[in-house]
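One structure below.
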Amino acid sequence: MKIDADFHKRKRNAVLQAMNHSEIAIVTSSWPAWKSHDQFFPFRQDSNFYYLTGLSQATPALLILIPEGFQGHSEWLLFPRPDEVKARWDGGVETKDSISEKTGITSLAYWDEFEIKFGRLFSSSRKVLLNVPELDFSFIPHPSKQIQEKIRSSFPLVTFGSVNPLAATLRQKKDPVELGKLRRAIEVTGTGIERMRESAPLVDFEYELEAAFVYELKRHGVKEQGYHPIIAAGKNATVLHYSDNNNQIGEHDCILVDVGAEVDGYSADLTRVFPKNRMTDRQAAVYEAVLRVNEKVIAAVRPGIVYQSLNDLAKELLTEEAMKLKLIQSPADITSVYMHRVSHFLGLDVHDVGQYTQILEPGMVITVEPGLYVNQENLGIRIEDDVLVTETGVENLTAGVRKSLKSGSY
Ligand SMILES: [Mn+2]
């Protein structure tokens with residue numbers, strides 16, 4: 001199923017509905033990230049810009065939303081003038097027709113018309129909402145910051161705000177067409193994990209499993225991953241964001257893989273653990289403990305609960321299991337073997353928009369990922385599923401990706 005121009009049009013309309021009449025939203029595309037000399041990192045579109053326009057290619061563009069309208073239109077899209085020389089080298093020049101078809105936006109202008117055409121929009125009574133990212137990474141040179149400087153230098157009395165919360169409210173609840181993309185990403189990710197599981201006894205290094213995963217994705221026509229894959233053997237699995245994937249796999253190691261294919265911008269996020277050869281009884285006991293918690297937390301997901309309560313439940317259950325396994329001496333020590341949240345929202349961003357303080361509603365997709373990390377046993381177990389909050393409870397979208405020890409090659 002395609003995410004078509006109509007989807008993006010509906011989302012723009014919803015943002016316009018939520019805006020005050022004195023506000024203007026300006027949403028910028030991402031720009032390519034420089035790698036070295038004349039090389040760039042693979043391009044990834046700004047998630048909010050993609051959600052509102054459907055444009056995924058590296059063409060610098062800018063969406064303006066104006067509730068009270070401007071020259072008879074409440075939405076405008078600015079993009080570069082077609083450049084035949086650039087097209088000869090890089091291909092793909094967008095025209096007004098092609099942009100209109102993809103986005104459903106009929107009021108288009110060129111980048112260099114921004115000041116001359118839209119300058120009159122800005123005044124001291126206006127508030128401009130931008131898609132400046134608001135994370136710890138405030139040093140990142142997002143194009144929205146350049147637009148802000150441009151406006152501020154000419155209209156110093158304009159006030160600024162963020163469009164991100166308006167987009168976030170919409171993005172949290174997935175439409176069926178978005179769920180279709182997530183389901184496909186999950187299906188292909190699951191196939192890739194099975195390929196790694198089968199390959200494990202035959203390979204020596206973590207990166208060989210990564211290669212098997214990427215091969216399986218591309219074989220299914222999926223080119224992108226939502227995040228750098230974690231292929232962590234033995235003690236590396238106790239390092240939460242390990243991503244070197246360059247270590248030798250021991251004969252008695254368990255291997256933790258945390259991977260996610262990305263389909264049309266939507267990312268899966270799955271973690272499974274399997275042995276290189278066979279699990280020892282002790283490794284299997286820790287695995288079964290985490291699996292019990294995984295299943296109990298999934299069973300607790302339903303609309304109307306406070307999201308944070310899943311975290312509390314996971315911590316309580318993991319503490320009980322860790323005590324039984326003698327991993328800790330007292331409940332207060334749980335942070336030595338479990339130190340992260342049990343869940344995050346999932347969607348266009350692998351750690352998607354949403355607040356931990358909110359109530360879960362139907363249409364939200366979250367992960368459930370309890371874990372136990374045992375340094376002294378060179379063992380890290382995390383079992384991560386992606387689940388959909390439904391009208392009546394929960395649907396485990398990753399139910400088809402094997403996690404039971406009984407059914408497999410242990
Ligand atoms: Mn995750």
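Letters A, B, ... mark the chains of the structure tokens in the order given; residue numbers begin at 1 per chain; ligand numbers begin at 1, in order shown.
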
Near stretch 299-303 of chain A, 12 Å: stretch 366-390 of chain A residue rows, closest pairs, only C-alpha atoms, as a tab-separated table:
residue	atom	partner	partner_atom	distance
A:Ile366	CA	A:Val301	CA	9.5
A:Thr367	CA	A:Val301	CA	10.5
A:Val368	CA	A:Val301	CA	9.4
A:Asp386	CA	A:Val301	CA	11.5
A:Val387	CA	A:Val301	CA	8.5
A:Leu388	CA	A:Val301	CA	8.8
A:Val389	CA	A:Arg302	CA	5.9
A:Thr390	CA	A:Pro303	CA	6.9

For the residues in the current selection, export C-alpha atoms as a CSV table (one decimal), in the first residue's frame.
chain,number,residue,atom,x,y,z
A,366,ILE,CA,5.6,1.1,21.2
A,367,THR,CA,8.5,-1.3,21.9
A,368,VAL,CA,8.7,-3.7,24.9
A,386,ASP,CA,7.1,-3.9,18.7
A,387,VAL,CA,3.4,-3.7,19.8
A,388,LEU,CA,0.4,-1.8,18.7
A,389,VAL,CA,-2.1,-0.4,21.2
A,390,THR,CA,-5.5,-1.5,19.9

Could you give me, as a count of residues only, the residues within 8 Å of A:Val93, counting only C-alpha atoms and dropping anything in the same chain fewer than 2 positions from it? 6

Quick one: residues within 8 Å of A:Ala314, only C-alpha atoms counted, chain neighbours fewer than 4 positions away excluded, as a VMD selection string? chain A and resid 293 297 310 318 342 370

Give me the residues near stretch 17-27 of chain A as a list in words, where near means some atom within 8 Å (using only C-alpha atoms) and where sequence neighbours in that chain fewer than 4 positions away do not count.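 In the requested form, the answer reads Asn13, Asn48, Phe49, Leu62, Leu63, Ile64, Leu65, Ile66, Pro67, Glu68, Ser125, Arg126, Lys127, Val128, Leu129, Leu130, Asn131, Ser144, Val163 and Leu166 of chain A.
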
Using the selection just defined, write its residues with C-alpha atoms as a PDB file, in the first residue's frame.
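File out_19.pdb, as written:
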ATOM      1  CA  ASN A  13      -4.718  20.124   7.319  1.00  0.00           C
ATOM      2  CA  ASN A  48       8.336  15.980  10.237  1.00  0.00           C
ATOM      3  CA  PHE A  49       9.011  17.363   6.768  1.00  0.00           C
ATOM      4  CA  LEU A  62      10.573  24.454   2.686  1.00  0.00           C
ATOM      5  CA  LEU A  63       6.914  24.098   3.623  1.00  0.00           C
ATOM      6  CA  ILE A  64       4.975  27.140   4.832  1.00  0.00           C
ATOM      7  CA  LEU A  65       1.611  26.666   6.558  1.00  0.00           C
ATOM      8  CA  ILE A  66      -0.525  29.801   7.057  1.00  0.00           C
ATOM      9  CA  PRO A  67      -3.941  29.262   8.734  1.00  0.00           C
ATOM     10  CA  GLU A  68      -5.343  32.574   7.501  1.00  0.00           C
ATOM     11  CA  SER A 125       2.308  40.294  15.713  1.00  0.00           C
ATOM     12  CA  ARG A 126       3.371  37.006  14.179  1.00  0.00           C
ATOM     13  CA  LYS A 127       4.686  33.849  15.761  1.00  0.00           C
ATOM     14  CA  VAL A 128       6.753  31.586  13.523  1.00  0.00           C
ATOM     15  CA  LEU A 129       6.748  27.868  14.357  1.00  0.00           C
ATOM     16  CA  LEU A 130       9.878  26.018  13.227  1.00  0.00           C
ATOM     17  CA  ASN A 131      10.981  22.383  13.163  1.00  0.00           C
ATOM     18  CA  SER A 144      15.506  25.414  10.289  1.00  0.00           C
ATOM     19  CA  VAL A 163       5.893  23.132  15.199  1.00  0.00           C
ATOM     20  CA  LEU A 166       1.766  19.638  16.644  1.00  0.00           C
TER      21      LEU A 166
END

Within 8 Å of ligand 1 (only C-alpha atoms and all ligand atoms), residues as number ranges by chain: A: 258, 269-271, 343-344, 350-351, 367-369, 384

Restricting the calculation to only C-alpha atoms: of A:Ala109, A:Ala399, A:Cys254, A:Val263, which residue gets closest to A:Ile3? A:Val263

Using DSSP on the backbone coordinates, identify the residues of stretch 58-290 of chain A assigned to strand (DSSP E); present them as number ranges by chain. A: 62-70, 73-79, 108-110, 127-130, 159-162, 224-225, 230-233, 254-259, 261-263, 266-267, 270-275

Do you have the atom CA of A:Pro60-atom CA of A:Leu77 distance handy?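 Atom CA of A:Leu77 lies at a distance of 10.7 Å from atom CA of A:Pro60.
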
Among stretch 77-212 of chain A, which residues does DSSP mark as alpha helix (DSSP H) when it is run on the backbone? Keep the chain and numbering as in the structure and answer as a PyMOL selection string. chain A and resi 84-90+96-103+114-118+143-154+164-172+176-199+206-212

What's around A:Thr59 at 12 Å? Count only C-alpha atoms, leave out sequence neighbours fewer than 6 positions away in its own chain, and write the answer as a PDB file with N, CA and C atoms, in the first residue's frame.
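Output file result.pdb is given in full below:
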ATOM      1  N   THR A  28      11.345  22.883   7.386  1.00  0.00           N
ATOM      2  CA  THR A  28      12.405  22.728   6.384  1.00  0.00           C
ATOM      3  C   THR A  28      12.765  21.256   6.201  1.00  0.00           C
ATOM      4  N   SER A  29      13.219  20.930   5.005  1.00  0.00           N
ATOM      5  CA  SER A  29      13.762  19.593   4.734  1.00  0.00           C
ATOM      6  C   SER A  29      15.133  19.484   5.385  1.00  0.00           C
ATOM      7  N   SER A  30      15.646  18.251   5.477  1.00  0.00           N
ATOM      8  CA  SER A  30      17.051  18.069   5.858  1.00  0.00           C
ATOM      9  C   SER A  30      17.938  18.474   4.694  1.00  0.00           C
ATOM     10  N   TRP A  31      19.189  18.705   5.001  1.00  0.00           N
ATOM     11  CA  TRP A  31      20.193  18.884   3.952  1.00  0.00           C
ATOM     12  C   TRP A  31      21.191  17.754   4.061  1.00  0.00           C
ATOM     13  N   PRO A  32      21.847  17.423   2.967  1.00  0.00           N
ATOM     14  CA  PRO A  32      22.807  16.311   3.025  1.00  0.00           C
ATOM     15  C   PRO A  32      23.918  16.595   4.046  1.00  0.00           C
ATOM     16  N   PHE A  43      21.509  10.220   2.454  1.00  0.00           N
ATOM     17  CA  PHE A  43      20.549  11.252   2.850  1.00  0.00           C
ATOM     18  C   PHE A  43      19.355  10.653   3.580  1.00  0.00           C
ATOM     19  N   ARG A  44      18.938  11.311   4.650  1.00  0.00           N
ATOM     20  CA  ARG A  44      17.697  10.922   5.337  1.00  0.00           C
ATOM     21  C   ARG A  44      16.880  12.197   5.573  1.00  0.00           C
ATOM     22  N   GLN A  45      15.638  12.165   5.103  1.00  0.00           N
ATOM     23  CA  GLN A  45      14.777  13.345   5.213  1.00  0.00           C
ATOM     24  C   GLN A  45      14.385  13.622   6.672  1.00  0.00           C
ATOM     25  N   ASP A  46      14.209  14.878   7.011  1.00  0.00           N
ATOM     26  CA  ASP A  46      13.638  15.275   8.302  1.00  0.00           C
ATOM     27  C   ASP A  46      12.267  14.587   8.456  1.00  0.00           C
ATOM     28  N   PHE A  49       9.162  16.877   8.138  1.00  0.00           N
ATOM     29  CA  PHE A  49       9.011  17.363   6.768  1.00  0.00           C
ATOM     30  C   PHE A  49       8.473  16.250   5.864  1.00  0.00           C
ATOM     31  N   TYR A  50       9.010  15.046   6.035  1.00  0.00           N
ATOM     32  CA  TYR A  50       8.540  13.909   5.236  1.00  0.00           C
ATOM     33  C   TYR A  50       7.068  13.605   5.530  1.00  0.00           C
ATOM     34  N   LEU A  77       4.922  25.543  -0.886  1.00  0.00           N
ATOM     35  CA  LEU A  77       6.162  24.778  -0.857  1.00  0.00           C
ATOM     36  C   LEU A  77       7.194  25.479  -1.734  1.00  0.00           C
ATOM     37  N   LEU A  78       8.365  25.716  -1.139  1.00  0.00           N
ATOM     38  CA  LEU A  78       9.451  26.354  -1.881  1.00  0.00           C
ATOM     39  C   LEU A  78      10.536  25.323  -2.173  1.00  0.00           C
ATOM     40  N   PHE A  79      11.071  25.328  -3.372  1.00  0.00           N
ATOM     41  CA  PHE A  79      12.135  24.392  -3.735  1.00  0.00           C
ATOM     42  C   PHE A  79      13.053  25.072  -4.753  1.00  0.00           C
ATOM     43  N   PRO A  80      14.236  24.481  -5.043  1.00  0.00           N
ATOM     44  CA  PRO A  80      15.200  25.152  -5.928  1.00  0.00           C
ATOM     45  C   PRO A  80      14.721  25.178  -7.376  1.00  0.00           C
ATOM     46  N   ARG A  81      15.150  26.206  -8.109  1.00  0.00           N
ATOM     47  CA  ARG A  81      14.864  26.227  -9.554  1.00  0.00           C
ATOM     48  C   ARG A  81      15.528  25.020 -10.215  1.00  0.00           C
ATOM     49  N   PRO A  82      14.879  24.429 -11.222  1.00  0.00           N
ATOM     50  CA  PRO A  82      15.505  23.304 -11.935  1.00  0.00           C
ATOM     51  C   PRO A  82      16.866  23.712 -12.485  1.00  0.00           C
ATOM     52  N   ASP A  83      17.856  22.811 -12.354  1.00  0.00           N
ATOM     53  CA  ASP A  83      19.224  23.114 -12.769  1.00  0.00           C
ATOM     54  C   ASP A  83      19.675  21.970 -13.688  1.00  0.00           C
ATOM     55  N   LYS A  86      23.231  20.452 -13.019  1.00  0.00           N
ATOM     56  CA  LYS A  86      23.247  19.586 -11.834  1.00  0.00           C
ATOM     57  C   LYS A  86      22.566  18.246 -12.155  1.00  0.00           C
ATOM     58  N   ALA A  87      21.491  18.326 -12.944  1.00  0.00           N
ATOM     59  CA  ALA A  87      20.750  17.113 -13.301  1.00  0.00           C
ATOM     60  C   ALA A  87      21.629  16.151 -14.093  1.00  0.00           C
ATOM     61  N   ASP A  90      23.842  14.612 -11.181  1.00  0.00           N
ATOM     62  CA  ASP A  90      23.188  13.955 -10.037  1.00  0.00           C
ATOM     63  C   ASP A  90      21.821  13.374 -10.368  1.00  0.00           C
ATOM     64  N   GLY A  91      21.279  13.710 -11.546  1.00  0.00           N
ATOM     65  CA  GLY A  91      19.967  13.204 -11.943  1.00  0.00           C
ATOM     66  C   GLY A  91      18.843  13.899 -11.207  1.00  0.00           C
ATOM     67  N   GLY A  92      17.614  13.543 -11.614  1.00  0.00           N
ATOM     68  CA  GLY A  92      16.430  13.890 -10.854  1.00  0.00           C
ATOM     69  C   GLY A  92      16.189  15.350 -10.551  1.00  0.00           C
ATOM     70  N   VAL A  93      15.860  16.139 -11.536  1.00  0.00           N
ATOM     71  CA  VAL A  93      15.462  17.509 -11.239  1.00  0.00           C
ATOM     72  C   VAL A  93      13.944  17.553 -11.050  1.00  0.00           C
ATOM     73  N   GLU A  94      13.533  18.139  -9.929  1.00  0.00           N
ATOM     74  CA  GLU A  94      12.099  18.272  -9.662  1.00  0.00           C
ATOM     75  C   GLU A  94      11.540  19.478 -10.416  1.00  0.00           C
ATOM     76  N   THR A  95      10.352  19.301 -10.945  1.00  0.00           N
ATOM     77  CA  THR A  95       9.647  20.425 -11.556  1.00  0.00           C
ATOM     78  C   THR A  95       8.409  20.726 -10.714  1.00  0.00           C
ATOM     79  N   ILE A  99       6.555  17.936  -8.222  1.00  0.00           N
ATOM     80  CA  ILE A  99       6.401  18.234  -6.786  1.00  0.00           C
ATOM     81  C   ILE A  99       4.916  18.240  -6.422  1.00  0.00           C
ATOM     82  N   TYR A 110       9.853  29.271  -5.835  1.00  0.00           N
ATOM     83  CA  TYR A 110      11.262  28.892  -5.785  1.00  0.00           C
ATOM     84  C   TYR A 110      11.919  29.488  -4.537  1.00  0.00           C
ATOM     85  N   TRP A 111      12.984  28.826  -4.099  1.00  0.00           N
ATOM     86  CA  TRP A 111      13.757  29.225  -2.911  1.00  0.00           C
ATOM     87  C   TRP A 111      14.102  30.707  -2.930  1.00  0.00           C
TER      88      TRP A 111
END

Which residues of stretch 156-246 of chain A come within 12 Å of stretch 273-290 of chain A, and what is each one's closest atom pair and distance in Å (one decimal), counting only C-alpha atoms, sorted by chain and residue number, as JSON lines?
{"residue": "A:Ile193", "atom": "CA", "partner": "A:Val273", "partner_atom": "CA", "distance": 9.6}
{"residue": "A:Glu194", "atom": "CA", "partner": "A:Phe274", "partner_atom": "CA", "distance": 10.0}
{"residue": "A:Arg195", "atom": "CA", "partner": "A:Phe274", "partner_atom": "CA", "distance": 11.7}
{"residue": "A:Met196", "atom": "CA", "partner": "A:Phe274", "partner_atom": "CA", "distance": 9.2}
{"residue": "A:Arg197", "atom": "CA", "partner": "A:Phe274", "partner_atom": "CA", "distance": 6.6}
{"residue": "A:Glu198", "atom": "CA", "partner": "A:Lys276", "partner_atom": "CA", "distance": 9.2}
{"residue": "A:Ser199", "atom": "CA", "partner": "A:Lys276", "partner_atom": "CA", "distance": 8.7}
{"residue": "A:Ala200", "atom": "CA", "partner": "A:Lys276", "partner_atom": "CA", "distance": 5.0}
{"residue": "A:Pro201", "atom": "CA", "partner": "A:Lys276", "partner_atom": "CA", "distance": 5.2}
{"residue": "A:Leu202", "atom": "CA", "partner": "A:Lys276", "partner_atom": "CA", "distance": 8.5}
{"residue": "A:Val203", "atom": "CA", "partner": "A:Lys276", "partner_atom": "CA", "distance": 8.7}
{"residue": "A:Asp204", "atom": "CA", "partner": "A:Lys276", "partner_atom": "CA", "distance": 9.4}
{"residue": "A:Phe205", "atom": "CA", "partner": "A:Lys276", "partner_atom": "CA", "distance": 10.7}
{"residue": "A:Glu206", "atom": "CA", "partner": "A:Lys276", "partner_atom": "CA", "distance": 10.6}
{"residue": "A:Leu209", "atom": "CA", "partner": "A:Lys276", "partner_atom": "CA", "distance": 10.8}
{"residue": "A:Ile230", "atom": "CA", "partner": "A:Val273", "partner_atom": "CA", "distance": 11.3}
{"residue": "A:Ile231", "atom": "CA", "partner": "A:Val273", "partner_atom": "CA", "distance": 9.8}
{"residue": "A:Ala232", "atom": "CA", "partner": "A:Val273", "partner_atom": "CA", "distance": 9.3}
{"residue": "A:Ala233", "atom": "CA", "partner": "A:Lys276", "partner_atom": "CA", "distance": 8.6}
{"residue": "A:Gly234", "atom": "CA", "partner": "A:Pro275", "partner_atom": "CA", "distance": 9.3}
{"residue": "A:Ala237", "atom": "CA", "partner": "A:Val273", "partner_atom": "CA", "distance": 9.4}

Excluding stretch 361-363 of chain A and its own-chain neighbours fewer than 3 positions away, which residues fall within 12 Å of it when counting only C-alpha atoms? Please give them as a PyMOL selection string. chain A and resi 169-179+301-307+345-347+354+358+366+387-395

Those residues you just picked out, can you put them in a file as a short mmCIF file (atom, residue, chain, number, x, y, z; two decimals), in the first residue's frame with C-alpha atoms?
data_model
loop_
_atom_site.label_atom_id
_atom_site.label_comp_id
_atom_site.auth_asym_id
_atom_site.auth_seq_id
_atom_site.Cartn_x
_atom_site.Cartn_y
_atom_site.Cartn_z
CA THR A 169 0.54 14.59 18.38
CA LEU A 170 -0.39 13.34 14.92
CA ARG A 171 2.61 11.08 14.43
CA GLN A 172 1.97 9.16 17.65
CA LYS A 173 -1.15 7.54 16.27
CA LYS A 174 -0.50 5.49 13.17
CA ASP A 175 -2.86 5.29 10.21
CA PRO A 176 -3.42 1.84 8.65
CA VAL A 177 -1.15 2.79 5.75
CA GLU A 178 1.67 3.61 8.19
CA LEU A 179 1.10 0.34 10.04
CA VAL A 301 -0.34 -2.95 27.37
CA ARG A 302 -3.80 -1.54 26.73
CA PRO A 303 -5.39 1.83 26.04
CA GLY A 304 -5.98 4.04 29.07
CA ILE A 305 -2.91 3.11 31.10
CA VAL A 306 -0.15 5.61 31.88
CA TYR A 307 2.82 4.78 29.68
CA PHE A 345 7.51 5.00 20.83
CA LEU A 346 8.26 3.69 17.33
CA GLY A 347 7.60 5.17 13.90
CA GLY A 354 5.77 10.91 22.39
CA GLN A 358 0.94 10.27 28.72
CA ILE A 366 5.64 1.11 21.24
CA VAL A 387 3.44 -3.72 19.77
CA LEU A 388 0.36 -1.81 18.65
CA VAL A 389 -2.10 -0.42 21.20
CA THR A 390 -5.54 -1.49 19.94
CA GLU A 391 -9.09 -0.55 20.96
CA THR A 392 -9.28 -3.55 23.26
CA GLY A 393 -5.67 -4.21 24.24
CA VAL A 394 -2.55 -4.99 22.31
CA GLU A 395 -1.33 -6.60 19.11
#

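Nearest residue to A:Trp76, choosing from A:Gly192, A:Gly161, A:Gly104, A:Gly226 and counting only C-alpha atoms: A:Gly104.
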
Shell of 8 Å around A:Asp4, only C-alpha atoms, local chain residues under 2 positions omitted, as a PyMOL selection string: chain A and resi 2+6-8+54+102
